[in-house]
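**Q** entry_38.cif (mmCIF, C-alpha atoms and all ligand atoms) pasted underneath:
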```cif
data_upload
loop_
_atom_site.group_PDB
_atom_site.id
_atom_site.type_symbol
_atom_site.label_atom_id
_atom_site.label_comp_id
_atom_site.auth_asym_id
_atom_site.auth_seq_id
_atom_site.Cartn_x
_atom_site.Cartn_y
_atom_site.Cartn_z
ATOM 1 C CA MET A 208 0.000 0.000 0.000
ATOM 2 C CA ALA A 209 1.379 3.386 -0.988
ATOM 3 C CA LEU A 210 1.854 5.498 2.107
ATOM 4 C CA ALA A 211 2.919 8.705 0.312
ATOM 5 C CA LEU A 212 1.030 10.635 -2.330
ATOM 6 C CA PRO A 213 1.452 8.939 -5.721
ATOM 7 C CA VAL A 214 4.336 10.284 -7.763
ATOM 8 C CA PRO A 215 3.733 10.262 -11.542
ATOM 9 C CA GLU A 216 5.976 7.578 -13.006
ATOM 10 C CA PRO A 217 8.154 8.239 -16.058
ATOM 11 C CA PRO A 218 6.915 6.572 -19.262
ATOM 12 C CA TRP A 219 8.638 3.317 -20.273
ATOM 13 C CA PRO A 220 11.332 3.758 -22.915
ATOM 14 C CA GLN A 221 10.415 1.772 -26.040
ATOM 15 C CA SER A 222 13.504 -0.429 -25.720
ATOM 16 C CA LEU A 223 12.503 -1.559 -22.213
ATOM 17 C CA SER A 224 8.816 -2.087 -22.947
ATOM 18 C CA PRO A 225 9.105 -5.922 -22.795
ATOM 19 C CA LEU A 226 9.567 -5.493 -19.031
ATOM 20 C CA LYS A 227 6.245 -3.681 -18.659
ATOM 21 C CA ALA A 228 4.366 -7.010 -18.397
ATOM 22 C CA VAL A 229 6.605 -8.055 -15.484
ATOM 23 C CA ASP A 230 6.033 -4.675 -13.827
ATOM 24 C CA ASP A 231 2.264 -5.081 -14.140
ATOM 25 C CA LEU A 232 2.353 -8.499 -12.460
ATOM 26 C CA LEU A 233 4.241 -7.122 -9.449
ATOM 27 C CA ARG A 234 1.469 -4.628 -8.647
ATOM 28 C CA CYS A 235 -1.401 -5.082 -6.202
ATOM 29 C CA GLY A 236 -4.868 -5.187 -7.766
ATOM 30 C CA ILE A 237 -6.246 -2.995 -4.990
ATOM 31 C CA CYS A 238 -3.775 -0.066 -4.818
ATOM 32 C CA PHE A 239 -1.967 -0.621 -8.170
ATOM 33 C CA ASP A 240 1.367 0.078 -6.489
ATOM 34 C CA TYR A 241 4.087 -2.574 -6.142
ATOM 35 C CA PHE A 242 3.206 -5.223 -3.553
ATOM 36 C CA SER A 243 4.086 -4.130 -0.031
ATOM 37 C CA ILE A 244 4.271 -7.187 2.265
ATOM 38 C CA ALA A 245 2.603 -9.458 -0.294
ATOM 39 C CA MET A 246 0.006 -11.895 1.037
ATOM 40 C CA ILE A 247 -1.374 -14.842 -0.934
ATOM 41 C CA ILE A 248 -4.899 -16.216 -0.598
ATOM 42 C CA PRO A 249 -3.923 -19.895 -0.873
ATOM 43 C CA GLN A 250 -7.316 -21.125 -2.061
ATOM 44 C CA CYS A 251 -7.154 -19.024 -5.288
ATOM 45 C CA SER A 252 -3.466 -17.981 -5.515
ATOM 46 C CA HIS A 253 -4.267 -14.240 -5.770
ATOM 47 C CA ASN A 254 -1.952 -11.742 -4.053
ATOM 48 C CA TYR A 255 -2.341 -8.292 -2.488
ATOM 49 C CA CYS A 256 -0.480 -5.955 -0.133
ATOM 50 C CA SER A 257 -1.040 -6.967 3.471
ATOM 51 C CA LEU A 258 -2.779 -3.698 4.435
ATOM 52 C CA CYS A 259 -4.869 -3.549 1.242
ATOM 53 C CA ILE A 260 -6.326 -7.058 1.573
ATOM 54 C CA ARG A 261 -6.850 -6.880 5.355
ATOM 55 C CA LYS A 262 -8.836 -3.679 4.922
ATOM 56 C CA PHE A 263 -10.879 -5.237 2.097
ATOM 57 C CA LEU A 264 -11.588 -8.482 4.012
ATOM 58 C CA SER A 265 -12.744 -6.515 7.051
ATOM 59 C CA TYR A 266 -15.885 -5.527 5.163
ATOM 60 C CA LYS A 267 -16.233 -8.309 2.573
ATOM 61 C CA THR A 268 -14.910 -11.844 3.197
ATOM 62 C CA GLN A 269 -13.966 -12.781 -0.344
ATOM 63 C CA CYS A 270 -11.096 -12.365 -2.812
ATOM 64 C CA PRO A 271 -11.566 -9.025 -4.633
ATOM 65 C CA THR A 272 -10.496 -10.625 -7.926
ATOM 66 C CA CYS A 273 -12.249 -14.010 -8.097
ATOM 67 C CA CYS A 274 -14.763 -13.741 -5.213
ATOM 68 C CA VAL A 275 -13.718 -17.021 -3.547
ATOM 69 C CA ALA A 276 -14.636 -16.960 0.159
ATOM 70 C CA ALA A 277 -11.624 -15.777 2.185
ATOM 71 C CA SER A 278 -10.864 -14.340 5.591
ATOM 72 C CA GLU A 279 -7.852 -12.777 7.248
ATOM 73 C CA SER A 280 -6.812 -16.079 8.826
ATOM 74 C CA ASP A 281 -6.386 -17.625 5.349
ATOM 75 C CA LEU A 282 -3.693 -15.112 4.321
ATOM 76 C CA LYS A 283 -0.094 -16.308 4.057
ATOM 77 C CA ASN A 284 3.035 -14.269 3.362
ATOM 78 C CA ASN A 285 4.309 -14.575 -0.213
ATOM 79 C CA ARG A 286 7.814 -13.319 0.551
ATOM 80 C CA MET A 287 9.163 -14.165 -2.884
ATOM 81 C CA LEU A 288 7.010 -11.348 -4.297
ATOM 82 C CA ASP A 289 8.555 -8.863 -1.847
ATOM 83 C CA GLU A 290 12.028 -9.949 -2.957
ATOM 84 C CA LEU A 291 11.017 -9.736 -6.623
ATOM 85 C CA VAL A 292 9.602 -6.220 -6.144
ATOM 86 C CA LYS A 293 12.874 -5.118 -4.546
ATOM 87 C CA SER A 294 15.146 -6.632 -7.215
ATOM 88 C CA PHE A 295 12.920 -5.659 -10.134
ATOM 89 C CA ASN A 296 12.478 -2.063 -8.976
ATOM 90 C CA SER A 297 16.226 -1.679 -8.554
ATOM 91 C CA ALA A 298 16.894 -3.170 -12.016
ATOM 92 C CA ARG A 299 14.214 -0.968 -13.581
ATOM 93 C CA GLN A 300 15.789 2.182 -12.152
ATOM 94 C CA GLN A 301 19.264 1.173 -13.343
ATOM 95 C CA LEU A 302 18.011 0.347 -16.849
ATOM 96 C CA PHE A 303 15.966 3.576 -17.117
ATOM 97 C CA GLN A 304 19.101 5.503 -16.166
ATOM 98 C CA LEU A 305 21.163 3.592 -18.723
ATOM 99 C CA VAL A 306 18.669 4.424 -21.478
ATOM 100 C CA LEU A 307 18.562 8.103 -20.443
ATOM 101 C CA ASP A 308 22.364 8.274 -20.422
ATOM 102 C CA THR A 309 22.679 6.533 -23.794
ATOM 103 C CA PRO A 310 20.195 8.155 -26.180
ATOM 104 C CA LEU A 311 21.097 5.744 -28.988
ATOM 105 C CA ILE A 312 19.500 2.875 -27.079
ATOM 106 C CA SER A 313 16.032 4.306 -27.154
ATOM 107 C CA SER A 314 15.888 4.803 -30.901
ATOM 108 C CA PRO A 315 16.450 1.402 -32.579
ATOM 109 C CA LEU A 316 13.175 -0.213 -31.522
ATOM 110 C CA MET B 101 11.664 -29.179 -13.435
ATOM 111 C CA ALA B 102 13.679 -29.250 -16.635
ATOM 112 C CA LEU B 103 12.493 -32.127 -18.793
ATOM 113 C CA ALA B 104 15.118 -31.736 -21.543
ATOM 114 C CA LEU B 105 18.877 -31.840 -21.212
ATOM 115 C CA PRO B 106 20.148 -28.475 -19.938
ATOM 116 C CA VAL B 107 21.147 -26.067 -22.713
ATOM 117 C CA PRO B 108 24.068 -23.757 -21.825
ATOM 118 C CA GLU B 109 22.617 -20.273 -21.438
ATOM 119 C CA PRO B 110 24.235 -17.248 -23.097
ATOM 120 C CA PRO B 111 26.104 -14.946 -20.690
ATOM 121 C CA TRP B 112 24.241 -11.810 -19.559
ATOM 122 C CA PRO B 113 25.212 -8.668 -21.478
ATOM 123 C CA GLN B 114 26.721 -6.115 -19.097
ATOM 124 C CA SER B 115 23.953 -3.601 -19.794
ATOM 125 C CA LEU B 116 21.255 -6.081 -18.708
ATOM 126 C CA SER B 117 23.060 -7.373 -15.633
ATOM 127 C CA PRO B 118 20.684 -5.574 -13.195
ATOM 128 C CA LEU B 119 18.054 -8.120 -14.261
ATOM 129 C CA LYS B 120 20.210 -11.067 -13.186
ATOM 130 C CA ALA B 121 18.972 -10.769 -9.581
ATOM 131 C CA VAL B 122 15.362 -11.064 -10.797
ATOM 132 C CA ASP B 123 16.320 -14.067 -12.925
ATOM 133 C CA ASP B 124 17.921 -15.782 -9.923
ATOM 134 C CA LEU B 125 14.777 -15.330 -7.811
ATOM 135 C CA LEU B 126 12.609 -16.981 -10.458
ATOM 136 C CA ARG B 127 14.612 -20.229 -10.318
ATOM 137 C CA CYS B 128 13.845 -23.309 -8.230
ATOM 138 C CA GLY B 129 16.380 -24.123 -5.506
ATOM 139 C CA ILE B 130 16.219 -27.813 -6.368
ATOM 140 C CA CYS B 131 16.674 -27.888 -10.169
ATOM 141 C CA PHE B 132 17.979 -24.296 -10.692
ATOM 142 C CA ASP B 133 15.758 -23.930 -13.741
ATOM 143 C CA TYR B 134 12.852 -21.440 -13.888
ATOM 144 C CA PHE B 135 9.916 -22.521 -11.716
ATOM 145 C CA SER B 136 7.645 -24.968 -13.507
ATOM 146 C CA ILE B 137 4.239 -25.061 -11.784
ATOM 147 C CA ALA B 138 5.487 -23.187 -8.722
ATOM 148 C CA MET B 139 4.298 -24.440 -5.341
ATOM 149 C CA ILE B 140 4.647 -22.504 -2.094
ATOM 150 C CA ILE B 141 5.163 -24.074 1.335
ATOM 151 C CA PRO B 142 2.878 -21.651 3.225
ATOM 152 C CA GLN B 143 4.500 -22.147 6.626
ATOM 153 C CA CYS B 144 7.884 -20.794 5.423
ATOM 154 C CA SER B 145 7.049 -19.052 2.094
ATOM 155 C CA HIS B 146 9.662 -21.037 0.113
ATOM 156 C CA ASN B 147 8.829 -22.076 -3.467
ATOM 157 C CA TYR B 148 9.803 -24.944 -5.755
ATOM 158 C CA CYS B 149 8.644 -26.598 -8.965
ATOM 159 C CA SER B 150 5.758 -28.942 -8.306
ATOM 160 C CA LEU B 151 7.632 -32.083 -9.443
ATOM 161 C CA CYS B 152 10.884 -31.105 -7.680
ATOM 162 C CA ILE B 153 9.311 -30.541 -4.253
ATOM 163 C CA ARG B 154 6.948 -33.536 -4.451
ATOM 164 C CA LYS B 155 9.886 -35.803 -5.208
ATOM 165 C CA PHE B 156 11.894 -34.289 -2.349
ATOM 166 C CA LEU B 157 9.038 -34.529 0.186
ATOM 167 C CA SER B 158 8.456 -38.163 -0.709
ATOM 168 C CA TYR B 159 11.684 -39.080 1.064
ATOM 169 C CA LYS B 160 12.133 -36.203 3.543
ATOM 170 C CA THR B 161 9.163 -34.282 4.971
ATOM 171 C CA GLN B 162 10.763 -30.857 5.369
ATOM 172 C CA CYS B 163 11.521 -27.745 3.323
ATOM 173 C CA PRO B 164 14.879 -28.278 1.553
ATOM 174 C CA THR B 165 15.880 -24.663 2.268
ATOM 175 C CA CYS B 166 14.873 -23.992 5.890
ATOM 176 C CA CYS B 167 14.032 -27.497 7.167
ATOM 177 C CA VAL B 168 10.583 -26.576 8.501
ATOM 178 C CA ALA B 169 8.366 -29.686 8.689
ATOM 179 C CA ALA B 170 6.291 -29.953 5.492
ATOM 180 C CA SER B 171 4.338 -32.537 3.571
ATOM 181 C CA GLU B 172 2.752 -32.736 0.145
ATOM 182 C CA SER B 173 -0.671 -31.739 1.524
ATOM 183 C CA ASP B 174 0.775 -28.368 2.679
ATOM 184 C CA LEU B 175 1.745 -27.305 -0.852
ATOM 185 C CA LYS B 176 -0.280 -24.565 -2.554
ATOM 186 C CA ASN B 177 0.010 -23.279 -6.114
ATOM 187 C CA ASN B 178 1.851 -19.940 -6.393
ATOM 188 C CA ARG B 179 0.509 -19.085 -9.857
ATOM 189 C CA MET B 180 1.913 -15.560 -9.833
ATOM 190 C CA LEU B 181 5.398 -17.078 -10.085
ATOM 191 C CA ASP B 182 4.381 -19.058 -13.186
ATOM 192 C CA GLU B 183 3.085 -15.851 -14.789
ATOM 193 C CA LEU B 184 6.238 -13.970 -13.791
ATOM 194 C CA VAL B 185 8.462 -16.697 -15.271
ATOM 195 C CA LYS B 186 6.542 -16.487 -18.553
ATOM 196 C CA SER B 187 6.639 -12.674 -18.805
ATOM 197 C CA PHE B 188 10.205 -12.339 -17.567
ATOM 198 C CA ASN B 189 11.578 -15.036 -19.865
ATOM 199 C CA SER B 190 9.887 -13.404 -22.850
ATOM 200 C CA ALA B 191 11.232 -9.952 -21.886
ATOM 201 C CA ARG B 192 14.715 -11.369 -21.328
ATOM 202 C CA GLN B 193 14.785 -12.931 -24.792
ATOM 203 C CA GLN B 194 13.597 -9.703 -26.441
ATOM 204 C CA LEU B 195 16.148 -7.584 -24.568
ATOM 205 C CA PHE B 196 19.012 -10.017 -25.310
ATOM 206 C CA GLN B 197 18.079 -9.815 -28.982
ATOM 207 C CA LEU B 198 17.946 -6.019 -28.849
ATOM 208 C CA VAL B 199 21.427 -5.868 -27.316
ATOM 209 C CA LEU B 200 22.802 -8.331 -29.890
ATOM 210 C CA ASP B 201 21.270 -6.314 -32.732
ATOM 211 C CA THR B 202 22.541 -2.988 -31.369
ATOM 212 C CA PRO B 203 26.191 -3.464 -30.429
ATOM 213 C CA LEU B 204 26.421 0.102 -29.099
ATOM 214 C CA ILE B 205 24.156 -0.789 -26.209
ATOM 215 C CA SER B 206 26.471 -3.334 -24.698
ATOM 216 C CA SER B 207 29.496 -1.047 -24.501
ATOM 217 C CA PRO B 208 28.511 1.980 -22.365
ATOM 218 C CA LEU B 209 28.344 0.152 -19.034
HETATM 219 ZN ZN ZN A 401 -1.948 -2.824 -2.394
HETATM 220 ZN ZN ZN A 402 -8.825 -14.881 -5.864
HETATM 221 ZN ZN ZN A 403 12.630 -27.280 -9.856
HETATM 222 ZN ZN ZN A 404 11.315 -23.210 3.805
#
```
Represent the structure contained in this file as C-alpha cells.
Ligand SMILES: [Zn+2]
Ligand SMILES: [Zn+2]
Ligand SMILES: [Zn+2]
Ligand SMILES: [Zn+2]
**A**
Amino acid sequence: MALALPVPEPPWPQSLSPLKAVDDLLRCGICFDYFSIAMIIPQCSHNYCSLCIRKFLSYKTQCPTCCVAASESDLKNNRMLDELVKSFNSARQQLFQLVLDTPLISSPL
Amino acid sequence: MALALPVPEPPWPQSLSPLKAVDDLLRCGICFDYFSIAMIIPQCSHNYCSLCIRKFLSYKTQCPTCCVAASESDLKNNRMLDELVKSFNSARQQLFQLVLDTPLISSPL
C-alpha cells in the first residue's frame, strides 16, 4: 500500500517495454502500487499488499479478484514477491538511467 | 523441473546485468531452472517446482531450504510465479536480442 502521495511515473522507454508485463504483475490489484508485504490467498493464488487485503476483508470476506470466500486467517506471506519487487524495482531504475544516459539505445526499436 | 537436457545459457550482457537478480529469484532451488508449476510451502514461504518438491518430500518431509516440517498436503500453487516466469523469460529474450542487434548498447556500461 502506498503510504505517500502517488508520484507520476516516467513513461517506459520503447527499448525496455518488454519489461512492462513483469512490472504489471508485481502490482497489487487494490492499490496498483508494487506489492508491499505481499500476502497470498492460498485457495485461489491471488496476491495483495497486506494492508490492502486486510482492509478489504474486514468488510467483505472474499477475494476481490475471483470472489472465492476468504478471511484474514487464510492469508499467508508470499515473501518471494517482496524480494522480486525489490530486485525488479532496482533493475528498472538502473536500466531507465542507462537508457537516459545513452540516447542511442532508445531509438532502434 | 527441466524435462530436456540443460542447454548452456548465453552470458548476460553487461547492460542487462541488473536483471540477473530477478532471474535468480525466479529459479527453483532444487533444479535451478525457472519454476515450472510453482508451489509454495505456506508455513515458510519457500517455493519450488511442483515435481521437484513432491519428489523431495516423498523421502524427507521438510523444506529443503529452511528445514521446517512440510508434507505434500501443505503445498499450494503460487501461480503468480508461473506468470512472472513467462513474462520475464519473454522480456529477457527480447532484450538479449535487442542488445545483440545494437552493439552500441552493450558497450557503455
Ligand atoms: Zn496494495
Ligand atoms: Zn482470488
Ligand atoms: Zn525445480
Ligand atoms: Zn522453507
**Q** Given a cut-off of 6 Å, what residues near ligand ZN 402 (chain A) show up using all atoms listed in the file, put as a list in words?
**A**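 The residues within 6 Å of ligand ZN 402 (chain A), counting all atoms listed in the file, are Cys251, His253, Cys270, Thr272, Cys273 and Val275 of chain A.
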**Q** Set the cut-off to 12 Å, count only C-alpha atoms and all ligand atoms, and list whatever residues fall near ligand ZN 404 (chain A) as a list in words.
**A** Asn285, Arg286 and Met287 of chain A; Gly129, Met139, Ile140, Ile141, Pro142, Gln143, Cys144, Ser145, His146, Asn147, Tyr148, Ile153, Thr161, Gln162, Cys163, Pro164, Thr165, Cys166, Cys167, Val168, Ala169, Ala170, Ser171, Asp174 and Leu175 of chain B
**Q** As an mmCIF file with C-alpha atoms, keeping the file's coordinate frame, please: the residues near range 188-199 of chain B (cut-off 6 Å, all atoms listed in the file, same-chain neighbours under 4 positions excluded).
**A**
```cif
data_model
loop_
_atom_site.group_PDB
_atom_site.id
_atom_site.type_symbol
_atom_site.label_atom_id
_atom_site.label_comp_id
_atom_site.auth_asym_id
_atom_site.auth_seq_id
_atom_site.Cartn_x
_atom_site.Cartn_y
_atom_site.Cartn_z
ATOM 1 C CA PRO A 225 9.105 -5.922 -22.795
ATOM 2 C CA LEU A 226 9.567 -5.493 -19.031
ATOM 3 C CA VAL A 229 6.605 -8.055 -15.484
ATOM 4 C CA LEU B 184 6.238 -13.970 -13.791
ATOM 5 C CA ILE B 205 24.156 -0.789 -26.209
#
```
**Q** List all protein, DNA and RNA residues that have any atom at most 12 Å from ligand ZN 401 (chain A), counting all atoms listed in the file, and write the list as a tab-separated table (two decimals) with C-alpha atoms, keeping the file's coordinate frame.
**A**
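Dumped everything to selection-v3.tsv:
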```
chain	number	residue	atom	x	y	z
A	208	MET	CA	0.00	0.00	0.00
A	209	ALA	CA	1.38	3.39	-0.99
A	210	LEU	CA	1.85	5.50	2.11
A	233	LEU	CA	4.24	-7.12	-9.45
A	234	ARG	CA	1.47	-4.63	-8.65
A	235	CYS	CA	-1.40	-5.08	-6.20
A	236	GLY	CA	-4.87	-5.19	-7.77
A	237	ILE	CA	-6.25	-3.00	-4.99
A	238	CYS	CA	-3.78	-0.07	-4.82
A	239	PHE	CA	-1.97	-0.62	-8.17
A	240	ASP	CA	1.37	0.08	-6.49
A	241	TYR	CA	4.09	-2.57	-6.14
A	242	PHE	CA	3.21	-5.22	-3.55
A	243	SER	CA	4.09	-4.13	-0.03
A	244	ILE	CA	4.27	-7.19	2.26
A	245	ALA	CA	2.60	-9.46	-0.29
A	246	MET	CA	0.01	-11.90	1.04
A	254	ASN	CA	-1.95	-11.74	-4.05
A	255	TYR	CA	-2.34	-8.29	-2.49
A	256	CYS	CA	-0.48	-5.96	-0.13
A	257	SER	CA	-1.04	-6.97	3.47
A	258	LEU	CA	-2.78	-3.70	4.43
A	259	CYS	CA	-4.87	-3.55	1.24
A	260	ILE	CA	-6.33	-7.06	1.57
A	261	ARG	CA	-6.85	-6.88	5.36
A	262	LYS	CA	-8.84	-3.68	4.92
A	263	PHE	CA	-10.88	-5.24	2.10
A	271	PRO	CA	-11.57	-9.02	-4.63
```
**Q** What does the distance from CA of Tyr159 in chain B to CA of Glu172 in chain B come to in Å, to one decimal?
**A** 11.0 Å
**Q** Produce range 107-161 of chain B of the given structure as output with C-alpha atoms, as a CSV table (one decimal), in the first residue's frame.
**A**
```csv
chain,number,residue,atom,x,y,z
B,107,VAL,CA,21.1,-26.1,-22.7
B,108,PRO,CA,24.1,-23.8,-21.8
B,109,GLU,CA,22.6,-20.3,-21.4
B,110,PRO,CA,24.2,-17.2,-23.1
B,111,PRO,CA,26.1,-14.9,-20.7
B,112,TRP,CA,24.2,-11.8,-19.6
B,113,PRO,CA,25.2,-8.7,-21.5
B,114,GLN,CA,26.7,-6.1,-19.1
B,115,SER,CA,24.0,-3.6,-19.8
B,116,LEU,CA,21.3,-6.1,-18.7
B,117,SER,CA,23.1,-7.4,-15.6
B,118,PRO,CA,20.7,-5.6,-13.2
B,119,LEU,CA,18.1,-8.1,-14.3
B,120,LYS,CA,20.2,-11.1,-13.2
B,121,ALA,CA,19.0,-10.8,-9.6
B,122,VAL,CA,15.4,-11.1,-10.8
B,123,ASP,CA,16.3,-14.1,-12.9
B,124,ASP,CA,17.9,-15.8,-9.9
B,125,LEU,CA,14.8,-15.3,-7.8
B,126,LEU,CA,12.6,-17.0,-10.5
B,127,ARG,CA,14.6,-20.2,-10.3
B,128,CYS,CA,13.8,-23.3,-8.2
B,129,GLY,CA,16.4,-24.1,-5.5
B,130,ILE,CA,16.2,-27.8,-6.4
B,131,CYS,CA,16.7,-27.9,-10.2
B,132,PHE,CA,18.0,-24.3,-10.7
B,133,ASP,CA,15.8,-23.9,-13.7
B,134,TYR,CA,12.9,-21.4,-13.9
B,135,PHE,CA,9.9,-22.5,-11.7
B,136,SER,CA,7.6,-25.0,-13.5
B,137,ILE,CA,4.2,-25.1,-11.8
B,138,ALA,CA,5.5,-23.2,-8.7
B,139,MET,CA,4.3,-24.4,-5.3
B,140,ILE,CA,4.6,-22.5,-2.1
B,141,ILE,CA,5.2,-24.1,1.3
B,142,PRO,CA,2.9,-21.7,3.2
B,143,GLN,CA,4.5,-22.1,6.6
B,144,CYS,CA,7.9,-20.8,5.4
B,145,SER,CA,7.0,-19.1,2.1
B,146,HIS,CA,9.7,-21.0,0.1
B,147,ASN,CA,8.8,-22.1,-3.5
B,148,TYR,CA,9.8,-24.9,-5.8
B,149,CYS,CA,8.6,-26.6,-9.0
B,150,SER,CA,5.8,-28.9,-8.3
B,151,LEU,CA,7.6,-32.1,-9.4
B,152,CYS,CA,10.9,-31.1,-7.7
B,153,ILE,CA,9.3,-30.5,-4.3
B,154,ARG,CA,6.9,-33.5,-4.5
B,155,LYS,CA,9.9,-35.8,-5.2
B,156,PHE,CA,11.9,-34.3,-2.3
B,157,LEU,CA,9.0,-34.5,0.2
B,158,SER,CA,8.5,-38.2,-0.7
B,159,TYR,CA,11.7,-39.1,1.1
B,160,LYS,CA,12.1,-36.2,3.5
B,161,THR,CA,9.2,-34.3,5.0
```
